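Engineer: What follows is final-v6.cif; its format and atoms are mmCIF, C-alpha atoms and all ligand atoms.
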```cif
data_protein
loop_
_atom_site.group_PDB
_atom_site.id
_atom_site.type_symbol
_atom_site.label_atom_id
_atom_site.label_comp_id
_atom_site.auth_asym_id
_atom_site.auth_seq_id
_atom_site.Cartn_x
_atom_site.Cartn_y
_atom_site.Cartn_z
ATOM 1 C CA MET Z 1 0.000 0.000 0.000
ATOM 2 C CA VAL Z 2 1.237 3.456 -0.927
ATOM 3 C CA SER Z 3 2.369 5.724 1.907
ATOM 4 C CA LEU Z 4 3.576 9.310 2.217
ATOM 5 C CA ASP Z 5 7.113 8.307 3.290
ATOM 6 C CA SER Z 6 7.555 5.758 0.491
ATOM 7 C CA VAL Z 7 6.384 8.049 -2.326
ATOM 8 C CA PHE Z 8 7.640 11.549 -1.506
ATOM 9 C CA ILE Z 9 11.261 12.635 -1.228
ATOM 10 C CA CYS Z 10 12.666 15.595 0.646
ATOM 11 C CA PRO Z 11 12.156 18.774 -1.424
ATOM 12 C CA VAL Z 12 15.351 20.264 0.056
ATOM 13 C CA CYS Z 13 17.942 17.467 -0.359
ATOM 14 C CA SER Z 14 16.028 14.731 -2.274
ATOM 15 C CA GLY Z 15 16.669 12.322 0.626
ATOM 16 C CA GLN Z 16 14.336 9.473 1.536
ATOM 17 C CA PHE Z 17 11.755 10.105 4.239
ATOM 18 C CA THR Z 18 10.892 8.277 7.432
ATOM 19 C CA LEU Z 19 7.534 8.742 9.095
ATOM 20 C CA VAL Z 20 7.998 10.213 12.589
ATOM 21 C CA THR Z 21 4.690 10.801 14.407
ATOM 22 C CA GLN Z 22 2.862 13.542 12.452
ATOM 23 C CA SER Z 23 5.780 14.437 10.162
ATOM 24 C CA LEU Z 24 8.132 13.177 7.476
ATOM 25 C CA LYS Z 25 11.862 13.446 8.283
ATOM 26 C CA CYS Z 26 14.768 12.901 5.899
ATOM 27 C CA GLU Z 27 18.283 11.616 6.780
ATOM 28 C CA SER Z 28 19.559 15.224 6.857
ATOM 29 C CA GLY Z 29 16.970 16.251 9.429
ATOM 30 C CA HIS Z 30 14.588 18.254 7.217
ATOM 31 C CA SER Z 31 11.119 17.832 8.619
ATOM 32 C CA PHE Z 32 7.672 18.385 7.073
ATOM 33 C CA ASP Z 33 4.348 18.338 8.871
ATOM 34 C CA ILE Z 34 1.516 16.026 8.012
ATOM 35 C CA ALA Z 35 -1.757 17.894 8.322
ATOM 36 C CA ARG Z 36 -4.635 16.529 10.366
ATOM 37 C CA GLN Z 37 -6.425 15.703 7.081
ATOM 38 C CA GLY Z 38 -3.524 13.447 6.041
ATOM 39 C CA TYR Z 39 -1.606 15.414 3.393
ATOM 40 C CA VAL Z 40 2.025 16.451 3.808
ATOM 41 C CA SER Z 41 3.077 20.046 3.344
ATOM 42 C CA LEU Z 42 6.256 20.002 1.235
ATOM 43 C CA MET Z 43 6.224 23.653 0.284
ATOM 44 C CA THR Z 44 9.601 25.349 0.618
ATOM 45 C CA GLY Z 45 10.000 29.090 0.227
ATOM 46 C CA SER Z 46 7.052 31.254 -0.683
ATOM 47 C CA SER Z 47 3.880 29.575 -1.928
ATOM 48 C CA PRO Z 48 2.879 30.157 -5.558
ATOM 49 C CA LYS Z 49 -0.554 31.498 -6.473
ATOM 50 C CA SER Z 50 -2.886 28.526 -6.272
ATOM 51 C CA ASP Z 51 -6.594 27.828 -5.970
ATOM 52 C CA THR Z 52 -8.356 29.647 -3.151
ATOM 53 C CA ARG Z 53 -10.825 28.063 -0.741
ATOM 54 C CA GLU Z 54 -13.745 29.446 -2.803
ATOM 55 C CA MET Z 55 -12.342 28.151 -6.109
ATOM 56 C CA VAL Z 56 -11.735 24.719 -4.604
ATOM 57 C CA GLN Z 57 -15.245 24.538 -3.162
ATOM 58 C CA ALA Z 58 -16.728 25.546 -6.516
ATOM 59 C CA ARG Z 59 -14.618 22.947 -8.375
ATOM 60 C CA HIS Z 60 -15.444 20.215 -5.891
ATOM 61 C CA TRP Z 61 -19.174 20.809 -6.252
ATOM 62 C CA PHE Z 62 -19.101 21.292 -10.029
ATOM 63 C CA LEU Z 63 -17.152 18.078 -10.680
ATOM 64 C CA SER Z 64 -19.560 16.144 -8.458
ATOM 65 C CA GLN Z 65 -22.390 17.112 -10.848
ATOM 66 C CA GLY Z 66 -20.893 14.794 -13.484
ATOM 67 C CA VAL Z 67 -20.599 17.377 -16.276
ATOM 68 C CA TYR Z 68 -16.994 16.308 -16.927
ATOM 69 C CA GLU Z 69 -17.637 12.579 -16.577
ATOM 70 C CA PRO Z 70 -16.945 11.960 -20.315
ATOM 71 C CA ILE Z 71 -13.481 13.484 -19.770
ATOM 72 C CA THR Z 72 -12.933 11.170 -16.829
ATOM 73 C CA GLU Z 73 -14.085 8.161 -18.861
ATOM 74 C CA ALA Z 74 -11.687 9.098 -21.664
ATOM 75 C CA LEU Z 75 -8.864 9.227 -19.111
ATOM 76 C CA VAL Z 76 -9.868 5.799 -17.800
ATOM 77 C CA SER Z 77 -9.638 4.380 -21.353
ATOM 78 C CA ILE Z 78 -6.226 5.965 -21.903
ATOM 79 C CA THR Z 79 -4.973 4.690 -18.536
ATOM 80 C CA SER Z 80 -6.093 1.194 -19.488
ATOM 81 C CA LEU Z 81 -4.216 1.335 -22.800
ATOM 82 C CA VAL Z 82 -1.095 2.966 -21.394
ATOM 83 C CA LEU Z 83 -0.696 0.780 -18.319
ATOM 84 C CA ASN Z 84 -1.975 -2.332 -20.034
ATOM 85 C CA ASN Z 85 -3.046 -4.314 -16.948
ATOM 86 C CA ARG Z 86 0.255 -3.871 -15.088
ATOM 87 C CA ASP Z 87 0.413 -5.599 -11.721
ATOM 88 C CA SER Z 88 1.380 -2.355 -10.064
ATOM 89 C CA ALA Z 89 1.965 1.195 -11.210
ATOM 90 C CA LEU Z 90 2.092 4.696 -9.784
ATOM 91 C CA ILE Z 91 0.114 7.568 -11.260
ATOM 92 C CA ALA Z 92 1.026 11.143 -10.359
ATOM 93 C CA ASP Z 93 -1.758 13.721 -10.604
ATOM 94 C CA LEU Z 94 0.156 16.996 -10.927
ATOM 95 C CA GLY Z 95 -1.896 20.060 -10.026
ATOM 96 C CA GLY Z 96 -4.519 17.447 -9.215
ATOM 97 C CA GLY Z 97 -6.806 19.763 -7.235
ATOM 98 C CA THR Z 98 -9.438 17.940 -5.219
ATOM 99 C CA GLY Z 99 -8.464 14.519 -6.589
ATOM 100 C CA TRP Z 100 -11.589 14.018 -8.667
ATOM 101 C CA TYR Z 101 -9.786 12.355 -11.592
ATOM 102 C CA SER Z 102 -7.394 10.361 -9.401
ATOM 103 C CA ARG Z 103 -10.229 8.942 -7.370
ATOM 104 C CA TYR Z 104 -12.142 7.888 -10.427
ATOM 105 C CA ILE Z 105 -9.117 6.203 -12.020
ATOM 106 C CA LEU Z 106 -7.980 4.468 -8.817
ATOM 107 C CA ASP Z 107 -11.511 3.134 -8.312
ATOM 108 C CA ARG Z 108 -11.369 1.522 -11.754
ATOM 109 C CA PHE Z 109 -7.859 0.048 -11.423
ATOM 110 C CA PRO Z 110 -7.343 -1.764 -8.109
ATOM 111 C CA THR Z 111 -3.632 -2.425 -8.759
ATOM 112 C CA LEU Z 112 -2.758 1.246 -9.196
ATOM 113 C CA ASP Z 113 -1.476 3.626 -6.549
ATOM 114 C CA GLY Z 114 -1.651 7.381 -6.806
ATOM 115 C CA VAL Z 115 0.139 10.491 -5.646
ATOM 116 C CA LEU Z 116 -1.341 13.966 -6.012
ATOM 117 C CA VAL Z 117 0.647 17.184 -5.844
ATOM 118 C CA ASP Z 118 -0.996 20.599 -5.664
ATOM 119 C CA ALA Z 119 0.032 23.951 -4.257
ATOM 120 C CA SER Z 120 -3.381 24.648 -2.745
ATOM 121 C CA PRO Z 121 -3.831 23.440 0.856
ATOM 122 C CA PHE Z 122 -7.597 23.805 0.381
ATOM 123 C CA ALA Z 123 -7.506 21.315 -2.504
ATOM 124 C CA ALA Z 124 -5.094 19.023 -0.646
ATOM 125 C CA LYS Z 125 -7.429 18.812 2.356
ATOM 126 C CA ILE Z 126 -10.139 17.350 0.143
ATOM 127 C CA ALA Z 127 -7.855 15.216 -2.030
ATOM 128 C CA ALA Z 128 -6.240 13.602 1.016
ATOM 129 C CA LYS Z 129 -9.551 11.971 1.857
ATOM 130 C CA VAL Z 130 -10.818 10.825 -1.530
ATOM 131 C CA HIS Z 131 -9.050 7.473 -1.850
ATOM 132 C CA SER Z 132 -7.097 5.084 0.371
ATOM 133 C CA ARG Z 133 -4.564 4.467 -2.432
ATOM 134 C CA LEU Z 134 -3.896 8.180 -3.010
ATOM 135 C CA VAL Z 135 -1.265 10.111 -1.063
ATOM 136 C CA VAL Z 136 -1.253 13.889 -1.229
ATOM 137 C CA GLY Z 137 1.322 16.623 -0.768
ATOM 138 C CA THR Z 138 1.422 20.364 -1.295
ATOM 139 C CA ALA Z 139 4.358 21.544 -3.385
ATOM 140 C CA ASP Z 140 5.170 24.037 -6.121
ATOM 141 C CA LEU Z 141 5.247 22.353 -9.541
ATOM 142 C CA TRP Z 142 7.501 25.113 -10.858
ATOM 143 C CA SER Z 143 10.300 24.011 -8.576
ATOM 144 C CA SER Z 144 11.489 20.428 -8.226
ATOM 145 C CA ILE Z 145 8.633 17.953 -7.820
ATOM 146 C CA PRO Z 146 9.247 16.002 -4.573
ATOM 147 C CA LEU Z 147 9.121 12.562 -6.240
ATOM 148 C CA SER Z 148 12.065 10.227 -7.016
ATOM 149 C CA ASP Z 149 13.644 9.901 -10.455
ATOM 150 C CA SER Z 150 11.860 7.349 -12.683
ATOM 151 C CA SER Z 151 9.272 6.546 -10.015
ATOM 152 C CA VAL Z 152 6.083 7.433 -11.929
ATOM 153 C CA ASP Z 153 4.404 5.321 -14.623
ATOM 154 C CA LEU Z 154 1.691 7.761 -15.632
ATOM 155 C CA ALA Z 155 1.745 11.512 -14.999
ATOM 156 C CA LEU Z 156 -1.527 13.399 -15.383
ATOM 157 C CA VAL Z 157 -1.627 17.151 -15.937
ATOM 158 C CA ILE Z 158 -5.270 18.131 -16.147
ATOM 159 C CA PHE Z 159 -5.913 21.852 -16.699
ATOM 160 C CA ALA Z 160 -2.850 22.450 -14.536
ATOM 161 C CA PRO Z 161 0.675 23.930 -14.752
ATOM 162 C CA ARG Z 162 3.182 21.736 -16.593
ATOM 163 C CA ASN Z 163 6.879 21.414 -15.928
ATOM 164 C CA PRO Z 164 8.124 19.032 -18.671
ATOM 165 C CA GLU Z 165 11.711 18.882 -17.392
ATOM 166 C CA GLU Z 166 10.611 17.685 -14.005
ATOM 167 C CA ILE Z 167 8.022 15.354 -15.528
ATOM 168 C CA ALA Z 168 10.766 13.764 -17.644
ATOM 169 C CA ARG Z 169 12.831 13.226 -14.497
ATOM 170 C CA ILE Z 170 10.082 11.583 -12.413
ATOM 171 C CA LEU Z 171 8.716 9.372 -15.234
ATOM 172 C CA ASN Z 172 10.165 5.916 -15.618
ATOM 173 C CA PRO Z 173 11.586 5.158 -19.096
ATOM 174 C CA ASP Z 174 8.318 3.438 -20.135
ATOM 175 C CA GLY Z 175 6.248 6.206 -18.616
ATOM 176 C CA THR Z 176 3.613 8.382 -20.220
ATOM 177 C CA CYS Z 177 2.489 11.912 -19.508
ATOM 178 C CA VAL Z 178 -1.133 12.748 -20.300
ATOM 179 C CA VAL Z 179 -1.956 16.436 -20.607
ATOM 180 C CA VAL Z 180 -5.536 17.710 -20.751
ATOM 181 C CA THR Z 181 -6.094 21.223 -22.094
ATOM 182 C CA PRO Z 182 -9.224 23.164 -23.014
ATOM 183 C CA GLY Z 183 -10.062 23.306 -26.726
ATOM 184 C CA LYS Z 184 -10.665 26.585 -28.523
ATOM 185 C CA HIS Z 185 -14.450 26.412 -28.084
ATOM 186 C CA HIS Z 186 -14.488 25.119 -24.513
ATOM 187 C CA LEU Z 187 -17.471 26.750 -22.758
ATOM 188 C CA ALA Z 188 -17.506 29.344 -25.566
ATOM 189 C CA GLU Z 189 -21.234 30.071 -25.099
ATOM 190 C CA LEU Z 190 -20.555 31.325 -21.562
ATOM 191 C CA ARG Z 191 -17.945 33.825 -22.599
ATOM 192 C CA THR Z 192 -20.616 36.097 -24.047
ATOM 193 C CA VAL Z 193 -22.712 36.150 -20.855
ATOM 194 C CA VAL Z 194 -20.288 35.922 -17.917
ATOM 195 C CA PRO Z 195 -16.780 37.307 -17.415
ATOM 196 C CA MET Z 196 -14.366 34.444 -18.142
ATOM 197 C CA LEU Z 197 -10.792 34.474 -19.329
ATOM 198 C CA GLY Z 198 -10.404 33.420 -22.962
ATOM 199 C CA ILE Z 199 -8.389 30.437 -24.217
ATOM 200 C CA GLU Z 200 -5.016 31.638 -25.520
ATOM 201 C CA PRO Z 201 -4.941 31.048 -29.297
ATOM 202 C CA ASP Z 202 -1.422 29.543 -29.344
ATOM 203 C CA LYS Z 203 -1.946 27.288 -26.317
ATOM 204 C CA GLU Z 204 -1.621 24.058 -28.319
ATOM 205 C CA ALA Z 205 1.530 25.168 -30.131
ATOM 206 C CA ARG Z 206 3.124 26.146 -26.821
ATOM 207 C CA LEU Z 207 2.277 22.758 -25.357
ATOM 208 C CA PHE Z 208 4.027 20.903 -28.190
ATOM 209 C CA GLU Z 209 7.013 23.203 -27.893
ATOM 210 C CA GLN Z 210 7.236 22.529 -24.155
ATOM 211 C CA PHE Z 211 7.089 18.764 -24.728
ATOM 212 C CA SER Z 212 9.456 18.779 -27.724
ATOM 213 C CA THR Z 213 11.887 16.395 -25.979
ATOM 214 C CA PHE Z 214 9.062 13.822 -25.581
ATOM 215 C CA HIS Z 215 7.531 11.633 -28.296
ATOM 216 C CA HIS Z 216 3.973 12.652 -29.078
ATOM 217 C CA LYS Z 217 2.019 9.363 -29.108
ATOM 218 C CA ALA Z 218 -1.585 10.429 -29.605
ATOM 219 C CA SER Z 219 -4.126 13.175 -29.119
ATOM 220 C CA THR Z 220 -7.830 12.731 -28.475
ATOM 221 C CA GLU Z 221 -10.381 15.430 -29.233
ATOM 222 C CA LEU Z 222 -13.393 15.318 -26.996
ATOM 223 C CA ASP Z 223 -16.306 17.640 -27.788
ATOM 224 C CA TYR Z 224 -19.847 17.448 -26.471
ATOM 225 C CA LYS Z 225 -22.773 19.670 -25.567
ATOM 226 C CA VAL Z 226 -24.378 19.824 -22.167
ATOM 227 C CA VAL Z 227 -27.002 22.051 -20.544
ATOM 228 C CA LEU Z 228 -25.591 23.719 -17.445
ATOM 229 C CA SER Z 229 -27.925 24.867 -14.661
ATOM 230 C CA SER Z 230 -27.548 28.405 -13.260
ATOM 231 C CA GLU Z 231 -25.633 27.006 -10.254
ATOM 232 C CA GLU Z 232 -23.310 25.014 -12.511
ATOM 233 C CA ILE Z 233 -22.587 28.144 -14.554
ATOM 234 C CA THR Z 234 -21.756 30.141 -11.419
ATOM 235 C CA SER Z 235 -19.477 27.325 -10.209
ATOM 236 C CA VAL Z 236 -17.667 26.784 -13.480
ATOM 237 C CA VAL Z 237 -16.756 30.483 -13.520
ATOM 238 C CA ALA Z 238 -15.918 30.544 -9.815
ATOM 239 C CA MET Z 239 -13.568 27.538 -10.099
ATOM 240 C CA GLY Z 240 -11.589 28.882 -13.054
ATOM 241 C CA PRO Z 241 -8.818 31.450 -13.380
ATOM 242 C CA SER Z 242 -11.339 34.274 -13.838
ATOM 243 C CA ALA Z 243 -12.179 33.811 -10.150
ATOM 244 C CA PHE Z 244 -8.847 35.434 -9.243
ATOM 245 C CA HIS Z 245 -10.268 38.662 -10.673
ATOM 246 C CA LEU Z 246 -13.895 38.642 -9.531
ATOM 247 C CA SER Z 247 -16.094 37.335 -6.749
ATOM 248 C CA CYS Z 248 -19.274 35.270 -7.065
ATOM 249 C CA GLU Z 249 -21.345 38.356 -6.206
ATOM 250 C CA ASP Z 250 -20.044 40.042 -9.383
ATOM 251 C CA LEU Z 251 -21.608 37.338 -11.556
ATOM 252 C CA PRO Z 252 -24.917 38.039 -13.248
ATOM 253 C CA ALA Z 253 -27.586 35.336 -12.751
ATOM 254 C CA VAL Z 254 -27.593 33.285 -15.920
ATOM 255 C CA GLN Z 255 -30.374 31.044 -17.171
ATOM 256 C CA PRO Z 256 -29.587 27.365 -17.847
ATOM 257 C CA THR Z 257 -27.566 27.349 -21.053
ATOM 258 C CA GLU Z 258 -26.390 24.706 -23.483
ATOM 259 C CA VAL Z 259 -22.589 24.855 -23.668
ATOM 260 C CA THR Z 260 -19.814 23.110 -25.551
ATOM 261 C CA VAL Z 261 -17.324 21.102 -23.530
ATOM 262 C CA SER Z 262 -14.215 20.790 -25.656
ATOM 263 C CA VAL Z 263 -10.927 19.340 -24.451
ATOM 264 C CA ARG Z 264 -7.776 17.890 -25.964
ATOM 265 C CA ILE Z 265 -6.049 14.941 -24.323
ATOM 266 C CA HIS Z 266 -2.418 14.569 -25.378
ATOM 267 C CA GLU Z 267 -0.165 11.574 -24.653
ATOM 268 C CA PHE Z 268 3.595 12.069 -24.521
ATOM 269 C CA ARG Z 269 6.224 9.347 -24.002
ATOM 270 C CA LEU Z 270 9.854 9.803 -23.107
HETATM 271 C C1 LIG U 1 -7.616 24.424 -12.993
HETATM 272 S S1 LIG U 1 -7.149 23.580 -11.517
HETATM 273 C C2 LIG U 1 -7.204 21.870 -12.020
HETATM 274 C C3 LIG U 1 -7.313 20.906 -10.881
HETATM 275 C C4 LIG U 1 -7.509 19.432 -11.304
HETATM 276 N N1 LIG U 1 -6.469 18.974 -12.167
HETATM 277 C C5 LIG U 1 -8.860 19.279 -11.946
HETATM 278 O O1 LIG U 1 -8.945 19.339 -13.175
HETATM 279 O O2 LIG U 1 -9.841 19.122 -11.208
HETATM 280 C C6 LIG U 1 -5.394 23.903 -11.449
HETATM 281 C C7 LIG U 1 -4.756 23.363 -10.188
HETATM 282 O O3 LIG U 1 -3.340 23.630 -10.242
HETATM 283 C C8 LIG U 1 -2.922 24.066 -8.955
HETATM 284 N N2 LIG U 1 -1.708 24.880 -9.112
HETATM 285 C C9 LIG U 1 -1.594 26.106 -9.669
HETATM 286 N N3 LIG U 1 -0.303 26.525 -9.667
HETATM 287 C C10 LIG U 1 0.410 25.528 -9.071
HETATM 288 C C11 LIG U 1 1.798 25.348 -8.773
HETATM 289 N N4 LIG U 1 2.698 26.281 -9.088
HETATM 290 N N5 LIG U 1 2.184 24.207 -8.174
HETATM 291 C C12 LIG U 1 1.264 23.243 -7.853
HETATM 292 N N6 LIG U 1 -0.053 23.349 -8.132
HETATM 293 C C13 LIG U 1 -0.472 24.475 -8.724
HETATM 294 C C14 LIG U 1 -4.106 24.833 -8.402
HETATM 295 O O4 LIG U 1 -4.081 24.946 -6.986
HETATM 296 C C15 LIG U 1 -5.278 23.991 -8.930
HETATM 297 O O5 LIG U 1 -5.667 22.997 -8.015
HETATM 298 ZN ZN ZN U 2 16.279 16.641 3.323
#
```
Any chance you could put this one into structure tokens?
Structural biologist:
Amino acid sequence: MVSLDSVFICPVCSGQFTLVTQSLKCESGHSFDIARQGYVSLMTGSSPKSDTREMVQARHWFLSQGVYEPITEALVSITSLVLNNRDSALIADLGGGTGWYSRYILDRFPTLDGVLVDASPFAAKIAAKVHSRLVVGTADLWSSIPLSDSSVDLALVIFAPRNPEEIARILNPDGTCVVVTPGKHHLAELRTVVPMLGIEPDKEARLFEQFSTFHHKASTELDYKVVLSSEEITSVVAMGPSAFHLSCEDLPAVQPTEVTVSVRIHEFRL
């Protein structure tokens, strides 16, 4: 069974951890607290901007409504193909938020273990409780990811920051990185009625540039329409990057609206 001390390494010296009461300690004496909820705080230096309590609550509720279930199912299919019934494997959900996708995948594959890294303590509190085979730590993905070299079989980066150099280091030589990004028309209908940040036009090109040292194996385009209720519309805005610039009270009440969900799922191998 996966455990915090077996999966994470010291973010300061990369040493192995031992579990000592409510903390992880490395051989050099660096010590990191395990929160009451069960995640370990591995943040060193100043914390990066990450999801606020309100954004996390909105995301948690929105995902529970099942609107993104087709995305989750697509990820289950890709996991099945990539890991091909391995007896054991470790998935790393980088910027994994509340652990929605990890939980779903771990439920489907009883031989998999998971580790989730996110900078937001509010997300980590929820993620730490979603699955017994998922361990959770807070860390900054822009600095070194506190996981051993070649220890990860499948890295997931779902609408989250990507650090390809570090992903290449933590992936084992057979490993795969799956990146999910919004398509050009993702939630396009909402952009005319509520304040949301647009999708950068060159997002895809930048992604391929960032992963140029990897082999691009496949890309899946997933597009579907769904009617969002007023509450779902408020939440989908409140959980996204626009929420850094406005509060829920700023949002106009919007009638249920049919929207396009459009994502791209890219698979990269070392
Ligand atoms: C759009 S959310 C996606 C969460 C999750 N993957 C999902 O789809 O439900 C982006 C996540 O990345 C996290 N994040 C942002 N910057 C980060 C950083 N520098 N290091 C680690 N996590 C970060 C946020 O806290 C947030 O949980
Ligand atoms: Zn150390």
Engineer: Can you work out which one of Z:His131, Z:Lys25, Z:Lys49, Z:Lys184 has the shortest atom-to-atom distance to ligand LIG 1 (chain U), counting all atoms listed in the file?
Structural biologist: Z:Lys49
Engineer: Near segment 177-183 of chain Z, counting only C-alpha atoms, which residues have an atom at most 10 Å away, once you skip same-chain residues fewer than 5 positions from it, shown as a ChimeraX atom specification?
Structural biologist: /Z:71,75,78-79,82,91-94,152-162,164,167-168,171,188,199-201,203-204,207,211,214,216-223,260-270
Engineer: Taking the file above as input, evaluate the PyMOL selection byres (((not hetatm)) within 6 of (chain U and resi 1)) and report the hits as a ChimeraX atom specification.
Structural biologist: /Z:48-51,95-97,100,118-120,139-142,158-161,240
Engineer: Check what the PyMOL selection byres (((chain Z and resi 128) around 10) and not hetatm) selects in the file above and give those residues as JSON, numbers by chain.
Structural biologist: {"Z": [35, 36, 37, 38, 39, 40, 98, 99, 115, 116, 123, 124, 125, 126, 127, 129, 130, 131, 132, 133, 134, 135, 136, 137]}
Engineer: Collect all residues with atoms no farther than 9 Å from ligand ZN 2 (chain U), counting all atoms listed in the file, and output them as a list of chain:residue names.
Structural biologist: Z:Ile9, Z:Cys10, Z:Pro11, Z:Val12, Z:Cys13, Z:Ser14, Z:Gly15, Z:Gln16, Z:Phe17, Z:Lys25, Z:Cys26, Z:Glu27, Z:Ser28, Z:Gly29, Z:His30, Z:Ser31
Engineer: Could you tell me how far atom CA of Ser46 of chain Z sits from atom CA of Ser144 of chain Z, in Å to one decimal place?
Structural biologist: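 Distance between the two atoms: 13.9 Å.
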Engineer: Mind pulling up the distance from atom CA of Leu90 of chain Z to atom CA of Ser151 of chain Z?
Structural biologist: 7.4 Å
Engineer: Using only C-alpha atoms for the distances, tell me which of Z:Ile145, Z:Tyr68, Z:Ala74, Z:Asp33 is nearest to His186 of chain Z.
Structural biologist: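 Of Z:Ile145, Z:Tyr68, Z:Ala74, Z:Asp33, the one nearest His186 of chain Z is Z:Tyr68, counting only C-alpha atoms.
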Engineer: Pick from Z:Ala205, Z:Val7, Z:Met1, Z:Ala58: nearest to Ser148 of chain Z, with only C-alpha atoms counted?
Structural biologist: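 Residue with the minimum atom-to-atom distance to Ser148 of chain Z: Z:Val7.
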